[in-house]
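See below for the structure under consideration.
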Amino acid sequence: MTSRKAIRSQSVDGLSAYLEKQRNLIERALSKAVPAASVRPSTIHAAMRYSLLGGGKRLRPILVLAAAEACGAKDPTDVLPAACAVELIHTYSLIHDDLPCMDDDDLRRGRPTSHKVYGEGVAVLAGDALLTRAFGLIAEITPAKRYPLAVLLEETAKAAGSLQLIAGQVADIEAEGRKLSIADVRFIHERKTAALIVLSLRLGAMIANATPGQLKAVTQFGQALGLAFQIIDDILDVTQSSEQLGKSAGKDLKASKATYPAVIGLEASRKEAAKLTRKALSSIKLLGSHGIQLREIGESLLNRQG
Ligand code: GRG
């Protein structure tokens, strides 16, 4: 009889192979999604490519592909423009977040940040250009019956705009050094991190012409998983080294940032992340066996070390 440990390790091997396959697809598509570094003015294109193609887990584009698969998509190439678009938006937000006027960081994805290499002016513009190109990529999607292109564009604009991603960043900046409740920290995390994760899942599902039930399931999955992901990020900032993370560790504490460990402590934060992950997994039960990749990704994020 196969032991439970053996089954778990089979599934870890299966997930690693799946993630590697998806990452290869995504890396190739990302490289084609922005102009070559030789295209004039080459500084801006080199800067865009430096941050975009310089590592990263590719979680958000992987979720776009996995959500589409879970809702019945057969060909991942239909979903790649959306997968690239969310990674471009994510990369823009990282470049801007690292600027001296924001989090002022010099290490990202194990390398010097954009403004350290290209200067602040080009770093700002590289972020702007990635965000703008993301909408061009959304416009390249062949939409499914239930969800016209205008809906995909509107969802993307909303998630990246002043009610979600930017709302989270503003609340985060304004929270520095202030005593916050757990509800305040949750408000920030839901916007700064979960919104883009929810968008990734919804875009994948909508391109696969998801039923309203499937769309609701992946949305609830993303809301719970996105919050858990940021809580784990908060925990790793305290428990891991900069080398392990590829970004500066211990910054949240130094900058008196709004984090779960700062408000409820490490142990309670770990329990909350585990509870949210269980909630995320239970929301996708109705996807049945098609949801296996989403389920395994959700489980693996809880134990990530970087
Ligand atoms: C619009 C300036 C501006 C910011 C928007 C998203 C955001 C607000 C700022 C980004 C900085 C940040 C720490 C966001 C939290 C989300 C998060 C955990 C980002 C890191 O994501 P990973 O771990 O990174 O997926 P990789 O490098 O693997 O892609």
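We label chains A, B, ... in the order they appear in the structure tokens, count residues from 1 in each chain, and number ligands from 1 in the order shown.
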Practice item. Find the residues near ligand 1. Use a cut-off of 7 Å, count only C-alpha atoms and all ligand atoms, and write them as number ranges by chain. Key: A: 55-59, 90, 93-94, 96-97, 109, 165-166, 168-169, 192-193, 229-230, 233
Practice item. Would you kindly return, as a list of chain:residue names, each protein, DNA or RNA residue with an atom no farther than 8 Å from any atom of Ala83 (chain A), considering only C-alpha atoms and excluding same-chain residues fewer than 2 positions away? Key: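 Everything that qualifies: A:Ile26, A:Arg60, A:Pro61, A:Ile62, A:Val64, A:Leu65, A:Val79, A:Leu80, A:Pro81, A:Ala85, A:Val86, A:Glu87, A:Ser200, A:Gly204.
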Review point. Can you list, as a ChimeraX atom specification, every protein, DNA or RNA residue that comes within 10 Å of Leu253 (chain A) when you count only C-alpha atoms, leaving out same-chain residues fewer than 4 positions away?
Key: /A:177,234,237-238,249,257-259,261-262
Exercise for review: Determine, counting only C-alpha atoms, which protein, DNA and RNA residues have an atom within 12 Å of an atom of Ala134 (chain A); residues of the same chain fewer than 6 positions away are not included. Present the result as a list in words.
Suggested key: Leu30, Ala33, Val34, Leu52, Leu80, Pro81, Ala82, Ala83, Cys84, Ala85, Val86, Glu87, Leu88, Ile89, His90, Thr91, Tyr92, Gly127, Asp128, Glu140, Ile141, Leu152, Leu153, Thr156, Ala157 and Ala160 of chain A
Quick one: write out the picked residues with N, CA and C atoms as a PDB file, in the first residue's frame?
```
ATOM      1  N   LEU A  30       6.807  36.322 -21.765  1.00  0.00           N
ATOM      2  CA  LEU A  30       7.177  37.634 -21.205  1.00  0.00           C
ATOM      3  C   LEU A  30       8.264  38.287 -22.050  1.00  0.00           C
ATOM      4  N   ALA A  33       6.755  39.878 -24.881  1.00  0.00           N
ATOM      5  CA  ALA A  33       5.685  40.850 -24.599  1.00  0.00           C
ATOM      6  C   ALA A  33       6.171  42.294 -24.555  1.00  0.00           C
ATOM      7  N   VAL A  34       7.487  42.497 -24.425  1.00  0.00           N
ATOM      8  CA  VAL A  34       8.016  43.867 -24.381  1.00  0.00           C
ATOM      9  C   VAL A  34       9.100  44.019 -25.459  1.00  0.00           C
ATOM     10  N   LEU A  52      11.607  42.900 -15.453  1.00  0.00           N
ATOM     11  CA  LEU A  52      10.598  41.892 -15.812  1.00  0.00           C
ATOM     12  C   LEU A  52      11.194  40.494 -15.923  1.00  0.00           C
ATOM     13  N   LEU A  80      -2.117  33.334 -22.290  1.00  0.00           N
ATOM     14  CA  LEU A  80      -0.788  33.929 -22.026  1.00  0.00           C
ATOM     15  C   LEU A  80      -0.768  35.468 -22.018  1.00  0.00           C
ATOM     16  N   PRO A  81      -1.521  36.163 -22.921  1.00  0.00           N
ATOM     17  CA  PRO A  81      -1.494  37.634 -22.831  1.00  0.00           C
ATOM     18  C   PRO A  81      -1.948  38.138 -21.449  1.00  0.00           C
ATOM     19  N   ALA A  82      -2.980  37.503 -20.895  1.00  0.00           N
ATOM     20  CA  ALA A  82      -3.457  37.920 -19.564  1.00  0.00           C
ATOM     21  C   ALA A  82      -2.419  37.569 -18.496  1.00  0.00           C
ATOM     22  N   ALA A  83      -1.798  36.392 -18.642  1.00  0.00           N
ATOM     23  CA  ALA A  83      -0.781  35.972 -17.667  1.00  0.00           C
ATOM     24  C   ALA A  83       0.382  36.970 -17.666  1.00  0.00           C
ATOM     25  N   CYS A  84       0.798  37.389 -18.870  1.00  0.00           N
ATOM     26  CA  CYS A  84       1.891  38.370 -18.962  1.00  0.00           C
ATOM     27  C   CYS A  84       1.436  39.717 -18.396  1.00  0.00           C
ATOM     28  N   ALA A  85       0.199  40.113 -18.694  1.00  0.00           N
ATOM     29  CA  ALA A  85      -0.280  41.425 -18.241  1.00  0.00           C
ATOM     30  C   ALA A  85      -0.199  41.552 -16.715  1.00  0.00           C
ATOM     31  N   VAL A  86      -0.626  40.513 -15.975  1.00  0.00           N
ATOM     32  CA  VAL A  86      -0.587  40.635 -14.505  1.00  0.00           C
ATOM     33  C   VAL A  86       0.851  40.675 -14.000  1.00  0.00           C
ATOM     34  N   GLU A  87       1.759  39.968 -14.686  1.00  0.00           N
ATOM     35  CA  GLU A  87       3.162  40.002 -14.243  1.00  0.00           C
ATOM     36  C   GLU A  87       3.773  41.382 -14.542  1.00  0.00           C
ATOM     37  N   LEU A  88       3.358  42.005 -15.630  1.00  0.00           N
ATOM     38  CA  LEU A  88       3.850  43.361 -15.923  1.00  0.00           C
ATOM     39  C   LEU A  88       3.355  44.357 -14.872  1.00  0.00           C
ATOM     40  N   ILE A  89       2.084  44.219 -14.493  1.00  0.00           N
ATOM     41  CA  ILE A  89       1.543  45.135 -13.468  1.00  0.00           C
ATOM     42  C   ILE A  89       2.270  44.911 -12.135  1.00  0.00           C
ATOM     43  N   HIS A  90       2.468  43.650 -11.794  1.00  0.00           N
ATOM     44  CA  HIS A  90       3.186  43.308 -10.549  1.00  0.00           C
ATOM     45  C   HIS A  90       4.606  43.893 -10.581  1.00  0.00           C
ATOM     46  N   THR A  91       5.304  43.731 -11.704  1.00  0.00           N
ATOM     47  CA  THR A  91       6.690  44.216 -11.794  1.00  0.00           C
ATOM     48  C   THR A  91       6.742  45.739 -11.703  1.00  0.00           C
ATOM     49  N   TYR A  92       5.778  46.395 -12.355  1.00  0.00           N
ATOM     50  CA  TYR A  92       5.702  47.870 -12.229  1.00  0.00           C
ATOM     51  C   TYR A  92       5.574  48.267 -10.766  1.00  0.00           C
ATOM     52  N   GLY A 127       8.480  51.528 -14.927  1.00  0.00           N
ATOM     53  CA  GLY A 127       7.238  51.087 -14.261  1.00  0.00           C
ATOM     54  C   GLY A 127       6.023  51.548 -15.055  1.00  0.00           C
ATOM     55  N   ASP A 128       6.019  52.827 -15.440  1.00  0.00           N
ATOM     56  CA  ASP A 128       4.883  53.370 -16.216  1.00  0.00           C
ATOM     57  C   ASP A 128       4.694  52.593 -17.520  1.00  0.00           C
ATOM     58  N   GLU A 140      -5.198  42.295 -26.409  1.00  0.00           N
ATOM     59  CA  GLU A 140      -4.895  41.218 -27.377  1.00  0.00           C
ATOM     60  C   GLU A 140      -5.668  39.921 -27.098  1.00  0.00           C
ATOM     61  N   ILE A 141      -6.370  39.878 -25.955  1.00  0.00           N
ATOM     62  CA  ILE A 141      -7.080  38.644 -25.578  1.00  0.00           C
ATOM     63  C   ILE A 141      -8.275  38.403 -26.518  1.00  0.00           C
ATOM     64  N   LEU A 152     -12.925  42.633 -19.164  1.00  0.00           N
ATOM     65  CA  LEU A 152     -11.559  42.266 -18.761  1.00  0.00           C
ATOM     66  C   LEU A 152     -10.728  43.523 -18.500  1.00  0.00           C
ATOM     67  N   LEU A 153     -10.909  44.527 -19.367  1.00  0.00           N
ATOM     68  CA  LEU A 153     -10.161  45.786 -19.196  1.00  0.00           C
ATOM     69  C   LEU A 153     -10.592  46.504 -17.922  1.00  0.00           C
ATOM     70  N   THR A 156      -9.245  44.847 -14.824  1.00  0.00           N
ATOM     71  CA  THR A 156      -7.807  45.085 -14.671  1.00  0.00           C
ATOM     72  C   THR A 156      -7.557  46.499 -14.152  1.00  0.00           C
ATOM     73  N   ALA A 157      -8.270  47.474 -14.744  1.00  0.00           N
ATOM     74  CA  ALA A 157      -8.099  48.870 -14.321  1.00  0.00           C
ATOM     75  C   ALA A 157      -8.494  49.039 -12.859  1.00  0.00           C
ATOM     76  N   ALA A 160      -5.819  47.529 -10.471  1.00  0.00           N
ATOM     77  CA  ALA A 160      -4.547  48.270 -10.427  1.00  0.00           C
ATOM     78  C   ALA A 160      -4.728  49.709  -9.942  1.00  0.00           C
TER      79      ALA A 160
END
```
Practice item. Select, from A:Ala205, A:Ala167, A:Ala268, A:Val151, the residue with the minimum atom-to-atom distance to Arg191 (chain A), counting only C-alpha atoms. Key: A:Ala167
Exercise for review: Could you check how far CA of Ile231 (chain A) sits from CA of Leu107 (chain A), in Å to one decimal?
Suggested key: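 Interatomic distance, CA of Ile231 (chain A) to CA of Leu107 (chain A): 20.8 Å.
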Review point. Can you list every residue in region 15-169 of chain A that DSSP puts in helix (DSSP H, G or I), as a ChimeraX atom specification?
Key: /A:15-33,42-52,59-70,76-78,80-98,114-118,120-139,149-160,165-169
**Study point:** Nearest candidate to Leu215 (chain A) (options A:Ala67, A:Ile235, A:Leu180, A:Cys101; using only C-alpha atoms)
**Key:**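 The shortest atom-to-atom distance to Leu215 (chain A) comes from A:Ala67.
Between CA of Val198 (chain A) and CA of Leu276 (chain A) lies a distance of 14.3 Å.
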